[in-house]
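Next comes query_6.txt, with compact mmCIF, C-alpha atoms and all ligand atoms.
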```txt
# COMPACT_ATOMS: atom_id res chain seq x y z
CA GLY A 1 -172.50 27.58 119.08
CA ASN A 2 -170.96 24.40 117.83
CA GLU A 3 -169.43 25.45 114.55
CA PHE A 4 -168.38 22.00 113.51
CA LEU A 5 -171.81 20.55 114.07
CA GLU A 6 -173.46 23.44 112.27
CA LYS A 7 -171.24 22.96 109.25
CA ALA A 8 -171.92 19.24 109.21
CA LEU A 9 -175.66 19.86 109.40
CA ASN A 10 -175.46 22.43 106.61
CA ARG A 11 -173.57 19.99 104.46
CA GLU A 12 -176.22 17.38 105.17
CA GLU A 13 -178.92 19.87 104.23
CA ASN A 14 -177.25 20.88 100.98
CA ARG A 15 -176.69 17.27 100.09
CA ASP A 16 -180.33 16.61 100.83
CA ALA A 17 -181.45 19.54 98.71
CA ALA A 18 -179.51 18.26 95.71
CA LEU A 19 -181.45 14.99 95.76
CA ARG A 20 -184.85 16.52 96.40
CA PRO A 21 -187.39 16.01 93.59
CA ILE A 22 -188.71 19.38 92.40
CA SER A 23 -191.82 18.34 90.46
CA PHE A 24 -194.63 15.82 90.87
CA ASP A 25 -193.24 13.89 87.87
CA ASP A 26 -189.92 13.63 89.63
CA PHE A 27 -191.52 12.26 92.79
CA THR A 28 -191.73 8.46 92.95
CA GLY A 29 -194.44 6.61 94.89
CA GLN A 30 -197.30 7.86 97.13
CA PRO A 31 -199.73 7.80 94.15
CA LYS A 32 -202.85 8.74 96.14
CA THR A 33 -201.30 11.76 97.79
CA ILE A 34 -199.74 12.91 94.53
CA GLU A 35 -203.03 12.65 92.63
CA ARG A 36 -204.87 14.63 95.31
CA LEU A 37 -202.22 17.35 95.36
CA MET A 38 -202.09 17.58 91.57
CA ILE A 39 -205.85 18.12 91.50
CA MET A 40 -205.69 20.84 94.16
CA THR A 41 -202.71 22.70 92.65
CA GLY A 42 -204.09 22.36 89.11
CA ALA A 43 -207.52 23.72 89.98
CA SER A 44 -206.17 26.55 92.15
CA ARG A 45 -203.82 27.63 89.40
CA LYS A 46 -206.58 27.68 86.80
CA ARG A 47 -208.83 29.74 89.05
CA GLY A 48 -205.93 31.99 89.96
CA ASP A 49 -206.81 31.16 93.54
CA VAL A 50 -204.80 30.44 96.66
CA MET A 51 -204.64 26.71 97.33
CA SER A 52 -206.44 25.54 100.46
CA HIS A 53 -204.69 24.00 103.46
CA VAL A 54 -203.12 20.55 103.39
CA LEU A 55 -202.02 18.24 106.21
CA LEU A 56 -199.44 15.53 105.48
CA SER A 57 -198.76 12.79 108.00
CA GLY A 58 -196.46 9.80 108.27
CA PRO A 59 -193.08 8.69 109.60
CA PRO A 60 -190.00 10.90 109.14
CA GLY A 61 -188.09 10.86 105.84
CA LEU A 62 -190.98 9.92 103.54
CA GLY A 63 -191.21 13.22 101.67
CA LYS A 64 -193.47 15.65 103.54
CA THR A 65 -191.04 18.58 103.33
CA THR A 66 -190.25 17.67 99.74
CA LEU A 67 -193.93 17.84 98.82
CA ALA A 68 -194.27 21.29 100.40
CA HIS A 69 -191.42 22.48 98.18
CA ILE A 70 -193.00 20.88 95.10
CA ILE A 71 -196.32 22.62 95.86
CA GLY A 72 -194.46 25.93 96.06
CA HIS A 73 -192.72 25.19 92.80
CA VAL A 74 -195.92 24.28 90.97
CA MET A 75 -197.82 27.26 92.40
CA GLU A 76 -194.78 29.47 91.67
CA LYS A 77 -194.90 30.79 95.22
CA GLN A 78 -192.36 31.10 97.97
CA VAL A 79 -192.27 28.43 100.68
CA VAL A 80 -191.68 29.64 104.23
CA ILE A 81 -190.52 26.90 106.58
CA THR A 82 -191.02 26.60 110.31
CA SER A 83 -191.77 24.01 112.93
CA GLY A 84 -194.33 23.57 115.73
CA PRO A 85 -192.00 23.91 118.73
CA VAL A 86 -190.43 27.11 117.32
CA ILE A 87 -193.76 28.91 117.51
CA GLU A 88 -193.76 29.44 121.27
CA LYS A 89 -196.17 32.36 121.66
CA PRO A 90 -199.16 33.76 119.75
CA GLY A 91 -196.93 36.75 118.90
CA ASP A 92 -194.46 34.44 117.09
CA LEU A 93 -197.29 33.14 114.94
CA ALA A 94 -198.69 36.62 114.27
CA GLY A 95 -195.24 37.88 113.27
CA MET A 96 -194.76 35.06 110.83
CA LEU A 97 -198.21 35.29 109.28
CA THR A 98 -198.12 39.06 108.80
CA ASN A 99 -194.83 38.70 106.93
CA LEU A 100 -196.34 36.34 104.34
CA GLU A 101 -197.48 37.52 100.93
CA GLU A 102 -200.58 36.44 99.02
CA GLY A 103 -200.34 32.78 98.00
CA HIS A 104 -197.22 31.99 99.98
CA ILE A 105 -196.90 28.43 101.25
CA LEU A 106 -196.32 28.22 105.00
CA PHE A 107 -194.85 24.84 105.88
CA ILE A 108 -195.17 23.94 109.56
CA ASP A 109 -193.35 20.74 110.45
CA GLU A 110 -194.21 18.87 113.66
CA MET A 111 -197.69 20.33 113.86
CA HIS A 112 -198.42 18.20 116.93
CA ARG A 113 -195.85 20.20 118.89
CA ILE A 114 -197.52 23.60 118.45
CA PRO A 115 -198.33 24.84 121.97
CA LYS A 116 -202.06 24.76 122.79
CA THR A 117 -201.99 28.50 123.57
CA VAL A 118 -200.87 29.18 119.98
CA GLU A 119 -203.12 26.65 118.31
CA GLU A 120 -206.31 28.59 118.92
CA TYR A 121 -204.92 31.60 117.06
CA LEU A 122 -204.26 29.40 114.08
CA TYR A 123 -207.96 28.61 113.67
CA SER A 124 -209.07 32.07 112.55
CA ALA A 125 -205.84 32.54 110.61
CA MET A 126 -206.60 29.42 108.56
CA GLU A 127 -210.33 30.05 108.23
CA ASP A 128 -210.67 33.80 107.77
CA TYR A 129 -207.06 34.93 107.22
CA ARG A 130 -207.40 37.01 110.36
CA ILE A 131 -205.69 36.95 113.71
CA ASP A 132 -206.78 38.66 116.94
CA ILE A 133 -203.95 39.35 119.31
CA MET A 134 -203.70 41.06 122.65
CA ILE A 135 -201.33 43.97 122.84
CA ASP A 136 -200.08 45.74 125.92
CA GLN A 137 -200.75 44.57 129.44
CA GLY A 138 -202.75 45.55 132.50
CA PRO A 139 -205.25 48.43 132.07
CA ASN A 140 -203.98 49.19 128.52
CA ALA A 141 -204.45 45.64 127.30
CA ARG A 142 -206.61 45.43 124.20
CA SER A 143 -207.27 43.06 121.38
CA VAL A 144 -206.43 44.05 117.82
CA SER A 145 -207.58 42.23 114.74
CA LEU A 146 -205.00 41.88 111.97
CA ASN A 147 -205.88 41.01 108.41
CA LEU A 148 -203.54 38.48 106.88
CA PRO A 149 -202.62 37.80 103.28
CA ARG A 150 -204.32 34.68 101.98
CA PHE A 151 -201.85 31.84 102.31
CA THR A 152 -201.65 28.06 102.09
CA LEU A 153 -200.73 26.14 105.21
CA VAL A 154 -198.99 22.84 104.52
CA GLY A 155 -198.78 21.10 107.87
CA ALA A 156 -196.76 17.97 108.56
CA THR A 157 -196.88 15.59 111.47
CA THR A 158 -195.48 12.22 112.41
CA ARG A 159 -198.30 11.83 114.93
CA MET A 160 -201.69 12.46 113.39
CA GLY A 161 -203.38 11.06 116.50
CA LEU A 162 -202.01 13.90 118.64
CA LEU A 163 -203.69 16.66 116.59
CA THR A 164 -206.94 18.03 117.99
CA ALA A 165 -210.14 17.59 115.99
CA PRO A 166 -210.71 21.36 115.55
CA LEU A 167 -207.25 21.77 114.07
CA ARG A 168 -207.57 18.79 111.75
CA SER A 169 -210.97 19.90 110.53
CA ARG A 170 -209.48 23.13 109.17
CA PHE A 171 -207.48 21.30 106.52
CA THR A 172 -209.19 20.65 103.18
CA LEU A 173 -206.96 17.65 102.56
CA GLN A 174 -205.43 15.24 105.04
CA SER A 175 -203.18 12.72 103.37
CA ARG A 176 -201.03 10.00 104.87
CA LEU A 177 -197.69 8.99 103.41
CA ASP A 178 -196.87 5.28 103.63
CA TYR A 179 -193.55 3.45 103.65
CA TYR A 180 -192.31 2.97 100.07
CA ASN A 181 -192.38 -0.44 98.43
CA ARG A 182 -189.19 -2.03 97.16
CA GLY A 183 -189.81 -1.14 93.49
CA ASP A 184 -190.28 2.57 94.24
CA LEU A 185 -187.21 2.63 96.48
CA VAL A 186 -185.11 1.01 93.73
CA LYS A 187 -186.18 3.85 91.42
CA ILE A 188 -185.29 6.43 94.06
CA VAL A 189 -181.87 4.86 94.68
CA LYS A 190 -181.09 4.82 90.95
CA ARG A 191 -182.20 8.42 90.56
CA SER A 192 -180.07 9.59 93.51
CA CYS A 193 -177.01 7.67 92.26
CA LYS A 194 -177.43 9.26 88.85
CA LEU A 195 -177.65 12.75 90.35
CA LEU A 196 -174.55 12.06 92.45
CA GLY A 197 -172.67 10.54 89.51
CA VAL A 198 -172.23 7.23 91.35
CA PRO A 199 -172.10 4.13 89.14
CA VAL A 200 -174.60 1.53 90.38
CA LYS A 201 -175.67 -1.90 89.08
CA ASP A 202 -179.35 -2.91 89.18
CA ASP A 203 -178.68 -5.51 91.85
CA GLY A 204 -176.71 -2.95 93.88
CA ALA A 205 -179.69 -0.57 93.86
CA THR A 206 -182.00 -3.43 94.85
CA GLU A 207 -179.73 -4.36 97.75
CA ILE A 208 -179.71 -0.79 99.11
CA ALA A 209 -183.47 -0.41 98.58
CA GLY A 210 -184.15 -3.61 100.52
CA ARG A 211 -182.30 -2.30 103.54
CA ALA A 212 -183.69 1.24 103.58
CA ARG A 213 -186.77 0.38 105.68
CA GLY A 214 -189.16 1.89 103.17
CA THR A 215 -187.70 5.38 103.65
CA PRO A 216 -186.13 7.57 100.92
CA ARG A 217 -184.09 9.59 103.42
CA ILE A 218 -182.49 6.40 104.75
CA ALA A 219 -181.90 5.14 101.19
CA ASN A 220 -180.05 8.37 100.38
CA ASN A 221 -177.97 8.13 103.54
CA LEU A 222 -177.04 4.53 102.79
CA ILE A 223 -175.97 5.50 99.26
CA HIS A 224 -173.41 7.94 100.64
CA PHE A 225 -171.78 5.28 102.82
CA VAL A 226 -171.94 2.53 100.19
CA ARG A 227 -170.35 4.89 97.69
CA ASP A 228 -167.42 5.52 100.08
CA PHE A 229 -167.13 1.78 100.68
CA ALA A 230 -167.15 1.06 96.93
CA GLU A 231 -164.33 3.55 96.40
CA GLU A 232 -162.21 2.29 99.30
CA ARG A 233 -162.79 -1.47 99.01
CA GLY A 234 -163.86 -1.94 95.40
CA ASP A 235 -163.56 -0.23 92.03
CA GLY A 236 -166.10 2.48 92.82
CA VAL A 237 -169.10 0.65 91.34
CA ILE A 238 -172.02 -0.20 93.64
CA THR A 239 -172.80 -3.89 93.12
CA ALA A 240 -175.01 -6.14 95.25
CA ASP A 241 -171.93 -7.63 96.87
CA ILE A 242 -170.39 -4.23 97.69
CA ALA A 243 -173.71 -2.91 99.03
CA ALA A 244 -174.28 -5.99 101.19
CA LYS A 245 -170.79 -5.80 102.67
CA ALA A 246 -170.99 -2.06 103.30
CA LEU A 247 -174.36 -2.29 105.00
CA SER A 248 -173.34 -5.27 107.12
CA LEU A 249 -170.52 -3.08 108.34
CA LEU A 250 -173.19 -0.59 109.47
CA GLU A 251 -175.00 -3.50 111.14
CA ILE A 252 -178.07 -3.03 108.99
CA ASP A 253 -179.38 -6.46 108.11
CA GLU A 254 -181.02 -7.66 104.89
CA ARG A 255 -184.45 -6.85 106.30
CA GLY A 256 -183.43 -3.25 106.93
CA LEU A 257 -183.45 -3.72 110.70
CA ASP A 258 -180.81 -1.75 112.55
CA GLU A 259 -179.17 -2.28 115.92
CA MET A 260 -181.95 -0.55 117.84
CA ASP A 261 -184.74 -2.51 116.11
CA LYS A 262 -183.02 -5.76 116.99
CA ARG A 263 -182.36 -4.62 120.53
CA ILE A 264 -186.06 -3.86 121.00
CA LEU A 265 -187.09 -7.31 119.78
CA ASP A 266 -184.38 -8.94 121.86
CA VAL A 267 -185.35 -7.13 125.06
CA MET A 268 -189.00 -7.99 124.52
CA ALA A 269 -188.17 -11.67 124.11
CA ARG A 270 -185.58 -12.04 126.85
CA HIS A 271 -186.87 -9.75 129.56
CA TYR A 272 -190.60 -9.66 128.95
CA LYS A 273 -191.25 -13.08 127.39
CA GLY A 274 -192.74 -11.47 124.31
CA GLY A 275 -194.99 -9.03 126.19
CA PRO A 276 -197.38 -7.41 126.60
CA VAL A 277 -195.06 -4.65 127.72
CA GLY A 278 -195.47 -0.87 127.70
CA LEU A 279 -193.48 1.32 125.32
CA GLY A 280 -192.07 3.40 128.19
CA THR A 281 -190.67 0.24 129.78
CA ILE A 282 -189.07 -0.82 126.50
CA ALA A 283 -187.58 2.66 126.06
CA VAL A 284 -185.86 2.50 129.44
CA ALA A 285 -184.64 -1.06 128.81
CA VAL A 286 -183.04 -0.24 125.44
CA GLY A 287 -181.85 3.25 126.46
CA GLU A 288 -183.67 5.22 123.76
CA GLU A 289 -186.10 8.15 123.89
CA ARG A 290 -189.70 7.08 124.00
CA HIS A 291 -190.72 9.35 121.13
CA THR A 292 -187.98 7.96 118.87
CA LEU A 293 -189.32 4.47 119.48
CA GLU A 294 -192.83 5.72 118.83
CA GLU A 295 -192.08 7.62 115.62
CA VAL A 296 -189.22 5.71 114.04
CA HIS A 297 -188.85 2.14 115.26
CA GLU A 298 -192.29 1.00 116.27
CA PRO A 299 -194.15 1.94 113.06
CA TYR A 300 -191.65 0.01 110.94
CA LEU A 301 -191.60 -3.04 113.23
CA ILE A 302 -195.41 -3.09 113.21
CA GLN A 303 -195.66 -2.60 109.45
CA GLU A 304 -193.20 -5.46 108.86
CA GLY A 305 -195.15 -7.70 111.23
CA TYR A 306 -192.60 -8.14 114.03
CA LEU A 307 -194.58 -6.32 116.66
CA GLN A 308 -198.23 -5.79 117.53
CA ARG A 309 -199.94 -3.12 119.51
CA THR A 310 -202.60 -4.29 121.96
CA PRO A 311 -204.51 -2.42 124.68
CA GLN A 312 -202.27 -4.19 127.25
CA GLY A 313 -199.04 -3.18 125.54
CA ARG A 314 -196.72 -4.33 122.77
CA ILE A 315 -196.36 -8.01 121.95
CA LEU A 316 -193.92 -9.93 119.77
CA THR A 317 -195.31 -11.82 116.77
CA ALA A 318 -193.96 -15.17 115.57
CA ALA A 319 -191.77 -13.28 113.08
CA GLY A 320 -190.51 -11.08 115.92
CA TRP A 321 -189.62 -14.13 118.00
CA ALA A 322 -187.73 -15.57 115.04
CA ILE A 323 -185.50 -12.48 114.86
CA SER A 324 -184.87 -12.34 118.60
CA GLY A 325 -182.95 -15.60 118.27
CA ILE A 326 -184.55 -17.34 121.22
CA SER A 327 -187.78 -19.30 121.49
CA LYS A 328 -190.71 -18.65 123.77
CA ALA A 329 -189.87 -21.82 125.69
CA GLY A 330 -186.27 -20.64 125.95
CA ALA A 331 -187.41 -17.26 127.34
CA ASP A 332 -189.56 -18.98 129.99
CA GLN A 333 -186.44 -20.66 131.34
CA LEU A 334 -184.42 -17.44 131.66
P1 LIG B 401 -190.00 14.36 105.73
O1 LIG B 401 -190.30 15.82 105.61
O2 LIG B 401 -191.23 13.50 105.54
O3 LIG B 401 -189.25 13.99 106.97
P2 LIG B 401 -188.28 14.85 103.43
O4 LIG B 401 -189.23 15.48 102.49
O5 LIG B 401 -187.32 15.75 104.13
O6 LIG B 401 -189.05 13.94 104.50
O7 LIG B 401 -187.49 13.72 102.60
C1 LIG B 401 -186.22 13.27 102.99
C2 LIG B 401 -185.34 13.10 101.78
O8 LIG B 401 -185.79 11.96 101.05
C3 LIG B 401 -185.40 14.28 100.82
O9 LIG B 401 -184.21 14.98 100.82
C4 LIG B 401 -185.57 13.69 99.44
O10 LIG B 401 -184.33 13.80 98.74
C5 LIG B 401 -185.84 12.25 99.66
N1 LIG B 401 -187.16 11.88 99.16
C6 LIG B 401 -188.31 11.87 99.86
N2 LIG B 401 -189.33 11.42 99.10
C7 LIG B 401 -188.79 11.14 97.89
C8 LIG B 401 -189.34 10.61 96.66
N3 LIG B 401 -190.63 10.26 96.58
N4 LIG B 401 -188.51 10.46 95.63
C9 LIG B 401 -187.21 10.77 95.74
N5 LIG B 401 -186.63 11.25 96.86
C10 LIG B 401 -187.42 11.43 97.93
```
Will you turn the file into structure tokens for me?
Amino acid sequence: GNEFLEKALNREENRDAALRPISFDDFTGQPKTIERLMIMTGASRKRGDVMSHVLLSGPPGLGKTTLAHIIGHVMEKQVVITSGPVIEKPGDLAGMLTNLEEGHILFIDEMHRIPKTVEEYLYSAMEDYRIDIMIDQGPNARSVSLNLPRFTLVGATTRMGLLTAPLRSRFTLQSRLDYYNRGDLVKIVKRSCKLLGVPVKDDGATEIAGRARGTPRIANNLIHFVRDFAEERGDGVITADIAAKALSLLEIDERGLDEMDKRILDVMARHYKGGPVGLGTIAVAVGEERHTLEEVHEPYLIQEGYLQRTPQGRILTAAGWAISGISKAGADQL
């Protein structure tokens, strides 16, 4: 494999782990989800029971994995981590489930990418802690029923709409994480800087928070670059001025829009006169994967009011036109 890449990813992961909140008190924002989870963990603990299944949805980087770890911490149980596309066959699922112990938390990321042939096996596993699998082939083929330890499934998905109704209905709680507001992100930036031992002024934290597109993971990534910038071009302290300069260098504007966001708005204005235009068409025009547009860029552009989704396709709003830098009349003449 690619050793360099692996090391870099590991470093990223360790860095990430250091900044990860480990208790509900430590976790800023998402008040509704936190209250629901505190009620479920609290009651289960008091009854000495296994917590029932939870489904978390929302864009990447908002804290779904972090919450799974916090649940494990509060329940004092191990968290086993996997992801939808990794579970290719029913046997993979059976192997994983039979290795769990009572009360373990199984975190499955990207639930919408679990193959349909595996999904059906998950139903009885979630409902009755039982899984029926076929062993052997041909004339010897037979079904065996395996009893499983009682476990808690914490599922995560960026695409709630792609989950089937029977799967969704097997979760006691379905909770959606929203983009963080500026105040919560400022708190998160300050907390991360403190943990990293990086000196930051209030206005420096506000500047980073404003450009992190409502996402803690992005805020943390920006901190690492701004810190380097502050050490190389300043006296090591993150001020508003330092943060603004550093982030301009990354071509992230004061609204948190990056190069790709702006390219999308620009293409829509120039080539499609503001739409309606299909997402697949936009993806080809800007040279980005459709699912990245769908999961990362589009939700933020919609939430910030630059883009709208209609049955005919995506259209630019007045605010979207303003960012594209040309007017509707100007586009008509192109
Ligand atoms: P997801 O699973 O939704 O993609 P993660 O749980 O991996 O997101 O979160 C990404 C990073 O953002 C984590 O490493 C964590 O440090 C940070 N993070 C997420 N939510 C919060 C929060 N509410 N407070 C502080 N840091 C957070």
| Within 9 Å of ligand LIG 401 (chain B), counting all atoms listed in the file: which residues, as a ChimeraX atom specification? | /A:13,15-21,24,26-30,56-69,109,156-158,177,180,184-185,187-189,191-192,215-220
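Nearest to A:Arg290 of all the residues A:Leu153, A:Arg47, A:Lys201, A:Gly278 is A:Gly278, based on only C-alpha atoms.
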Edge lengths and centre in Å to one decimal, as AutoDock Vina command-line options, is what I'm after for the box along x, y and z that holds all listed atoms of stretch 315-323 of chain A once 8 Å is added on each side.
```
--center_x -190.9 --center_y -11.8 --center_z 117.5 --size_x 26.9 --size_y 23.6 --size_z 24.9
```
Exercise. Pick from A:Asp241, A:Glu88, A:Glu127, A:Asp228: nearest to A:Ile208, with all atoms listed in the file counted?
Worked result: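 When distances to A:Ile208 are compared using all atoms listed in the file, the smallest one comes from A:Asp241.
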Correct to one decimal, the distance atom CA of A:Glu207-atom CA of A:Glu254 is 8.0 Å
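When only C-alpha atoms are used to compute distances to A:Ile302, the closest of the residues A:Asp261, A:Ile238, A:Met126, A:Gly330 turns out to be A:Asp261.
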Residue with the minimum atom-to-atom distance to A:Asp235, picked from A:Leu122, A:Leu163, A:Val200, A:Val186 with all atoms listed in the file counted, is A:Val200
To one decimal in Å, tell me the separation between atom CA of A:Pro299 and atom CA of A:Gln174.
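We find that atom CA of A:Pro299 and atom CA of A:Gln174 lie 19.2 Å from each other.
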**Message:** Considering only C-alpha atoms, can you say which of A:Ala94, A:Val50, A:Ile87, A:Val154 comes closest to A:Phe107?
**Reply:**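 Between A:Ala94, A:Val50, A:Ile87, A:Val154, the residue approaching A:Phe107 most closely is A:Val154.
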re atom CA of A:Thr98 and atom CA of A:Ala165: distance 25.6 Å
- Message: So that I can see what lies close to A:Glu120, please list as a list in words the residues with an atom at most 10 Å from it, counting all atoms listed in the file and leaving out residues fewer than 2 positions away in the same chain.
- Response: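 With the cut-off at 10 Å, the set is Pro90, Pro115, Lys116, Thr117, Val118, Leu122, Tyr123, Ser124, Ala125, Ile131, Pro166 and Leu167 of chain A.
Those residues that approach A:Phe171 to within 7 Å, counting all atoms listed in the file, are His53, Val54 and Leu55 of chain A; same-chain residues fewer than 5 positions away are not listed.
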Would you save the residues of that selection, restricted to C-alpha atoms, as a compact mmCIF listing (two decimals), in the coordinates of the input?
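For reference, out-v7.txt as written:
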```txt
# COMPACT_ATOMS: atom_id res chain seq x y z
CA HIS A 53 -204.69 24.00 103.46
CA VAL A 54 -203.12 20.55 103.39
CA LEU A 55 -202.02 18.24 106.21
```
Can you work out which one of A:Leu195, A:Ile282, A:Met160, A:Leu307 has the shortest atom-to-atom distance to A:Glu295, counting all atoms listed in the file?
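Looking at the shortest contact to A:Glu295, the residue is A:Met160.
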